[in-house]
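Colleague: After the structure tokens below, expect a handful of questions from me.
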Amino acid sequence: MASSFIINSIKNSSMNSNSLCWKILATIALMVLCYAILCMSMYKWRTRRIRRMLNSFYAISGLPIIGSLYLVTGNLRERFEKLFVLFKQYRDKAPVVAWVLHIPVVVIGKYDHIQTVLGKSHKRNLFGIWEMTFGDSMFSLQGEKWRKSRRIITPAFSPTMMQQYLPVLNEHSKFLTRKLASLSDTDETFDISHYVCSMNLDTITKNMTGYELGSLKNGITEFQTALPKTTQMESMRLSFPLLFPDFMYKIYLLISGNYKLYETVHRLPRQIIQDKLSKESAYKHEHHENIHNSEATSTKTLLDLLLKAHNADNTFTKKHVQAEILNMIALGFESTTLTVSFVLLMLAMYPEIQKKVYEEIRTIYKDDDEEVNIEDMKELVYLEQCINETLRKFTVVPMTFREHDEDIVLDDKKVIPANCRVLVGFYGAHHDKRIFPNADEWDPEHFAPDAIASQNKQVFFPFGCGIRSCIGAKYAMMSIKIQLVHLLRSYRFTTDMKMQDIHLTVDVALRNDSGYWLKLWSRKEIYENGIKHEA
Ligand code: HEM
């Protein structure tokens, strides 16, 4: 009797506490909903001019609260496929309006609109995405702060500095070529991007900071594994409106245990700076001289420029230096890795074109060990056509966002209102058949000298355009060419992959979800042993 009384009271009290819990949760949910509705109404009121002006634009359908995001749900691969279908569907109607939650976004994809918008715009607005990765760097900053960073960093890409980068690029490319020898002349396929990735990470780190990472020699670093995960997570954020506010995203990271990925990513620039400062202090100690006059601090790398700026101006903090180093390494190594991997995959799929590239390389370089320099590179016209075609077909940075302080009149008299976000679709412009007749194929003839001469306008934006275009464009092209010359003059690449095996995904960059699976055949071996595999 007593025990059943106790059990009943426990049951009652747990039912009571359960229902109390539910009541509290329901009240919180109601408050959150009311707050969201209030914010949205205020936002609508503030943006009434934008909405009125956008009435003349074709609008992609949107649902309450989530807007048009329901059209591009799924994993990154599914999202890109859906985006591509949407792009085809709305291509001729562009510019169109889509809705990210309740926020209107004008989507443009025609080359003349891109030129107009990027020519006038200084402000990249990515909905706060990637800010946790790239923080206070030039990539995320706006206005005067961005201008200051860009001013400090620009000299790192001067002609003199570009000359200085050549030895490391040549040396690392030779090392990669030697390393691949163990994989050559067997029928086994391997994903070339893993090797190219390590090499590019080592190269950009060494050239920008003087730091030896040694990931190609010693194996993949934790930075290399963590970085793509953070950028992918941040891209997925766009599909989950609940994760838009930074504090919600941080809670998610803490609960899922992914916060440590960010710690790993941010550890590398800290370590590089620490290493540099320790070396400087050891040098100073040893030579008893003012470090600022010493050889050890003469401007050799981007890191030297950044530390100099930091010493001269305390508003340019150590945090800024760290962010800029991370930004350069991250943006630099991923984009060049993807381009080199895609070019090799395409050349493996098109042996006739590979043969033509090889012959061009051989007319300039007779010896396998010859260094590649800036003057020779100008003669690699056909190789450059192949690189450009790859950057067109697989636009590594397929889109960006802008926001303007003033109205922008597009050529056909449509006006994008001030303070309205714009999604700039480079990928769309690169797949316009009026400009690139064979747009769905990989066809280097799109960039043949005659074809380019007939286009007296800018229609190709691999590195963006305007004031916020890629600061590393020249470095990237130089690095890509040097790697390809070293690899292609030593090996012939083949693949079992077909175009239909390529499945694109997009986070901060466009990549092939199914990898870059190649076989390679040593050219010397073919030459010496009689023609086993015709080059
Ligand atoms: C194939 C290689 C590369 C491609 C396709 C590429 C593409 C781009 C594009 C399209 C933009 C402009 C985005 C926008 O307008 O919003 C950009 C910006 C940028 N890129 Fe690259 N990039 C490459 C290599 C590099 C390298 C090697 C570095 C550094 C060494 C670099 C550093 C940057 C930085 C810092 C920005 C931001 C510039 C600013 O906001 O002022 N990129 N890149």
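Ordering of the structure tokens sets the chain letters (A, B, ...); residue numbers start at 1 within each chain; ligands are numbered from 1 in the order shown.
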Hey, which residues come within 6 Å of ligand 1 if we count only C-alpha atoms and all ligand atoms? Could you give them as a ChimeraX atom specification?
Modeller: /A:124,138-139,328,331-332,335-336,339,396-397,400,462-464,468-473,475-476
Colleague: When DSSP works through the backbone of this structure, what residues of range 21-154 of chain A end up as alpha helix (DSSP H), shown as a count of residues only?
Modeller: 73
Colleague: Have a look at CA of Ala36 in chain A and CA of Asp136 in chain A and let me know their distance in Å, one decimal.
Modeller: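 Distance reported for this atom pair: 28.6 Å.
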Colleague: Based on DSSP run over this structure's backbone, return all residues of range 357-528 of chain A in strand (DSSP E or B), as a PyMOL selection string.
Modeller: chain A and resi 399-403+408-409+415-416+421-425+491-494+504-506+510-512+517-522
Colleague: Using only C-alpha atoms, which protein or nucleic acid residues come within 7 Å of Leu303 in chain A? Drop anything in the same chain fewer than 2 positions from it, and give the result as a PyMOL selection string.
Modeller: chain A and resi 208-209+301+305-307
Colleague: Next, dump the selected residues to file, keeping only N, CA, C and O atoms, as a CSV table (one decimal), in the first residue's frame.
Modeller:
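As a result, result-v4.csv now contains:
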```
chain,number,residue,atom,x,y,z
A,208,MET,N,55.3,32.4,-48.8
A,208,MET,CA,54.6,33.5,-48.1
A,208,MET,C,55.2,33.8,-46.7
A,208,MET,O,55.1,34.9,-46.2
A,209,THR,N,55.8,32.8,-46.1
A,209,THR,CA,56.2,33.0,-44.7
A,209,THR,C,57.7,32.5,-44.4
A,209,THR,O,58.2,32.8,-43.3
A,301,THR,N,59.5,37.9,-47.3
A,301,THR,CA,58.2,37.2,-47.5
A,301,THR,C,57.1,38.1,-47.1
A,301,THR,O,57.3,39.2,-46.5
A,305,LEU,N,56.5,41.5,-44.4
A,305,LEU,CA,55.7,42.8,-44.7
A,305,LEU,C,54.7,43.0,-43.6
A,305,LEU,O,54.5,44.1,-43.1
A,306,LEU,N,54.0,41.9,-43.2
A,306,LEU,CA,52.9,42.0,-42.2
A,306,LEU,C,53.5,42.4,-40.8
A,306,LEU,O,52.9,43.2,-40.1
A,307,LEU,N,54.6,41.8,-40.5
A,307,LEU,CA,55.2,42.1,-39.1
A,307,LEU,C,55.7,43.5,-39.1
A,307,LEU,O,55.6,44.2,-38.1
```
Colleague: Find the residues of range 312-380 of chain A that sit at most 8 Å from range 486-502 of chain A; for each, write down the nearest two atoms and how far apart they are in Å, to one decimal. Count only C-alpha atoms. Sort by chain, then by number going up, and give it as JSON lines.
Modeller:
```
{"residue": "A:Leu344", "atom": "CA", "partner": "A:Phe493", "partner_atom": "CA", "distance": 7.2}
{"residue": "A:Leu345", "atom": "CA", "partner": "A:Thr495", "partner_atom": "CA", "distance": 7.3}
{"residue": "A:Leu347", "atom": "CA", "partner": "A:Phe493", "partner_atom": "CA", "distance": 7.3}
{"residue": "A:Ala348", "atom": "CA", "partner": "A:Thr494", "partner_atom": "CA", "distance": 4.4}
{"residue": "A:Met349", "atom": "CA", "partner": "A:Thr495", "partner_atom": "CA", "distance": 6.3}
{"residue": "A:Pro351", "atom": "CA", "partner": "A:Thr494", "partner_atom": "CA", "distance": 7.6}
{"residue": "A:Tyr358", "atom": "CA", "partner": "A:Arg489", "partner_atom": "CA", "distance": 6.4}
{"residue": "A:Ile361", "atom": "CA", "partner": "A:Arg489", "partner_atom": "CA", "distance": 7.0}
{"residue": "A:Arg362", "atom": "CA", "partner": "A:Arg489", "partner_atom": "CA", "distance": 7.3}
{"residue": "A:Asp368", "atom": "CA", "partner": "A:Arg489", "partner_atom": "CA", "distance": 6.7}
```
Colleague: The selected residues should be written to file as a compact mmCIF listing (two decimals), in the first residue's frame (atoms: N, CA, C and O atoms).
Modeller:
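Saved result, selection_38.txt, follows:
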```txt
# COMPACT_ATOMS: atom_id res chain seq x y z
N LEU A 344 45.21 18.04 -65.01
CA LEU A 344 45.81 16.72 -65.26
C LEU A 344 44.73 15.69 -65.61
O LEU A 344 44.92 14.86 -66.51
N LEU A 345 43.60 15.78 -64.92
CA LEU A 345 42.51 14.85 -65.22
C LEU A 345 42.01 15.05 -66.66
O LEU A 345 41.79 14.08 -67.39
N LEU A 347 43.69 16.38 -69.19
CA LEU A 347 44.72 15.96 -70.16
C LEU A 347 44.77 14.44 -70.25
O LEU A 347 45.03 13.88 -71.32
N ALA A 348 44.48 13.77 -69.13
CA ALA A 348 44.46 12.31 -69.16
C ALA A 348 43.26 11.81 -69.97
O ALA A 348 43.32 10.80 -70.66
N MET A 349 42.17 12.55 -69.90
CA MET A 349 40.97 12.14 -70.66
C MET A 349 41.11 12.46 -72.15
O MET A 349 40.44 11.86 -72.98
N PRO A 351 44.01 12.44 -74.60
CA PRO A 351 45.43 12.17 -74.88
C PRO A 351 46.01 12.99 -76.03
O PRO A 351 47.18 13.36 -75.99
N TYR A 358 52.60 18.39 -74.43
CA TYR A 358 53.93 17.82 -74.19
C TYR A 358 54.92 18.32 -75.26
O TYR A 358 56.04 18.71 -74.96
N ILE A 361 55.91 21.83 -74.57
CA ILE A 361 56.87 21.89 -73.45
C ILE A 361 58.26 21.48 -73.94
O ILE A 361 59.26 22.12 -73.63
N ARG A 362 58.31 20.44 -74.78
CA ARG A 362 59.60 19.92 -75.26
C ARG A 362 60.31 20.88 -76.21
O ARG A 362 61.52 20.84 -76.34
N ASP A 368 65.07 17.41 -68.61
CA ASP A 368 64.05 17.22 -67.57
C ASP A 368 64.29 18.06 -66.32
O ASP A 368 63.37 18.34 -65.57
```
Colleague: With a cut-off of 9 Å, could you pull out the residues of range 286-388 of chain A touching range 150-166 of chain A and give me the nearest pair of atoms for each, distance in Å to one decimal, using only C-alpha atoms, ordered by chain and ascending number, as a Markdown table?
Modeller:
```
| residue | atom | partner | partner_atom | distance |
| --- | --- | --- | --- | --- |
| A:Lys300 | CA | A:Met161 | CA | 7.9 |
| A:Thr301 | CA | A:Ala156 | CA | 6.9 |
| A:Leu302 | CA | A:Ala156 | CA | 5.4 |
| A:Leu305 | CA | A:Ile152 | CA | 6.8 |
| A:Leu306 | CA | A:Ile152 | CA | 6.9 |
| A:Ala309 | CA | A:Ile152 | CA | 7.1 |
| A:Glu324 | CA | A:Ile153 | CA | 8.8 |
| A:Glu371 | CA | A:Leu166 | CA | 8.7 |
| A:Val372 | CA | A:Leu166 | CA | 7.8 |
| A:Asn373 | CA | A:Leu166 | CA | 7.0 |
| A:Ile374 | CA | A:Gln163 | CA | 7.6 |
```
Colleague: Any chance you could export the current selection's C-alpha atoms as a PDB file, in the first residue's frame?
Modeller:
```
ATOM      1  CA  LYS A 300      61.781  38.386 -48.010  1.00  0.00           C
ATOM      2  CA  THR A 301      58.235  37.214 -47.479  1.00  0.00           C
ATOM      3  CA  LEU A 302      54.690  38.343 -46.955  1.00  0.00           C
ATOM      4  CA  LEU A 305      55.716  42.761 -44.656  1.00  0.00           C
ATOM      5  CA  LEU A 306      52.930  42.003 -42.208  1.00  0.00           C
ATOM      6  CA  ALA A 309      53.261  46.845 -40.626  1.00  0.00           C
ATOM      7  CA  GLU A 324      46.224  37.307 -43.257  1.00  0.00           C
ATOM      8  CA  GLU A 371      64.254  25.237 -64.222  1.00  0.00           C
ATOM      9  CA  VAL A 372      61.091  26.970 -65.401  1.00  0.00           C
ATOM     10  CA  ASN A 373      61.414  30.759 -65.468  1.00  0.00           C
ATOM     11  CA  ILE A 374      59.065  33.653 -66.120  1.00  0.00           C
TER      12      ILE A 374
END
```
Colleague: Taking into account only C-alpha atoms, which residue in the set A:Tyr195, A:Ile408, A:Pro398, A:Gln232 is nearest to Asn218 in chain A?
Modeller: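 Of all the options, A:Tyr195 lies closest to Asn218 in chain A.
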Colleague: As an exercise, work out the distance from CA of Lys44 in chain A to CA of Leu83 in chain A in Å and give it to one decimal place.
Modeller: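 It comes out at 26.4 Å.
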Colleague: Output as a tab-separated table one row per residue of range 373-393 of chain A within 9 Å of range 431-447 of chain A: the closest atom pair and its distance in Å to one decimal place, counting only C-alpha atoms, sorted by chain and residue number ascending.
Modeller:
```
residue	atom	partner	partner_atom	distance
A:Tyr382	CA	A:Pro444	CA	8.1
A:Glu384	CA	A:Phe447	CA	8.6
A:Gln385	CA	A:Phe447	CA	5.3
A:Cys386	CA	A:Pro444	CA	5.1
A:Ile387	CA	A:Pro444	CA	8.2
A:Asn388	CA	A:Phe447	CA	7.1
A:Glu389	CA	A:Pro444	CA	5.2
A:Thr390	CA	A:Trp442	CA	7.2
A:Arg392	CA	A:His431	CA	7.7
A:Lys393	CA	A:Trp442	CA	6.4
```
Colleague: Name all residues at most 12 Å from Thr186 in chain A (count only C-alpha atoms; drop same-chain ones fewer than 2 positions away) and give them as a VMD selection string.
Modeller: chain A and resid 180 to 184 188 to 190 493 to 494 518 to 522
Colleague: Generate a file of the selected residues that holds N, CA, C and O atoms, formatted as a short mmCIF file (atom, residue, chain, number, x, y, z; two decimals), in the first residue's frame.
Modeller:
```cif
data_model
loop_
_atom_site.label_atom_id
_atom_site.label_comp_id
_atom_site.auth_asym_id
_atom_site.auth_seq_id
_atom_site.Cartn_x
_atom_site.Cartn_y
_atom_site.Cartn_z
N LEU A 180 56.52 10.96 -57.13
CA LEU A 180 55.52 10.20 -57.87
C LEU A 180 56.12 9.00 -58.60
O LEU A 180 55.39 8.13 -59.07
N ALA A 181 57.46 8.96 -58.68
CA ALA A 181 58.11 7.88 -59.45
C ALA A 181 57.68 6.51 -58.93
O ALA A 181 57.49 5.57 -59.72
N SER A 182 57.48 6.39 -57.62
CA SER A 182 57.13 5.08 -57.07
C SER A 182 55.74 4.64 -57.51
O SER A 182 55.38 3.47 -57.37
N LEU A 183 54.93 5.58 -58.02
CA LEU A 183 53.57 5.22 -58.45
C LEU A 183 53.47 5.03 -59.95
O LEU A 183 52.42 4.69 -60.48
N SER A 184 54.60 5.27 -60.66
CA SER A 184 54.52 5.24 -62.12
C SER A 184 54.67 3.83 -62.67
O SER A 184 55.14 2.92 -61.98
N GLU A 188 47.93 0.66 -61.48
CA GLU A 188 47.12 1.13 -60.35
C GLU A 188 46.80 2.61 -60.49
O GLU A 188 47.67 3.39 -60.86
N THR A 189 45.57 2.97 -60.15
CA THR A 189 45.23 4.41 -60.19
C THR A 189 45.39 5.01 -58.80
O THR A 189 45.30 4.30 -57.79
N PHE A 190 45.64 6.28 -58.74
CA PHE A 190 45.74 6.98 -57.45
C PHE A 190 45.19 8.39 -57.64
O PHE A 190 45.13 8.90 -58.77
N PHE A 493 50.05 10.97 -68.49
CA PHE A 493 48.95 10.64 -67.57
C PHE A 493 47.81 9.99 -68.33
O PHE A 493 47.46 10.42 -69.43
N THR A 494 47.24 8.94 -67.74
CA THR A 494 46.04 8.33 -68.32
C THR A 494 45.01 8.17 -67.19
O THR A 494 45.34 8.29 -66.02
N LEU A 518 44.25 8.88 -61.48
CA LEU A 518 45.12 8.82 -62.66
C LEU A 518 46.09 7.64 -62.58
O LEU A 518 46.33 7.09 -61.50
N LYS A 519 46.65 7.31 -63.76
CA LYS A 519 47.82 6.41 -63.82
C LYS A 519 48.91 7.23 -64.47
O LYS A 519 48.61 8.09 -65.30
N LEU A 520 50.15 6.96 -64.09
CA LEU A 520 51.18 7.72 -64.81
C LEU A 520 52.29 6.82 -65.31
O LEU A 520 52.60 5.80 -64.70
N TRP A 521 52.81 7.24 -66.44
CA TRP A 521 53.80 6.44 -67.18
C TRP A 521 55.03 7.30 -67.39
O TRP A 521 54.95 8.37 -67.96
N SER A 522 56.13 6.76 -66.93
CA SER A 522 57.36 7.51 -67.02
C SER A 522 57.77 7.71 -68.48
O SER A 522 57.87 6.74 -69.23
#
```
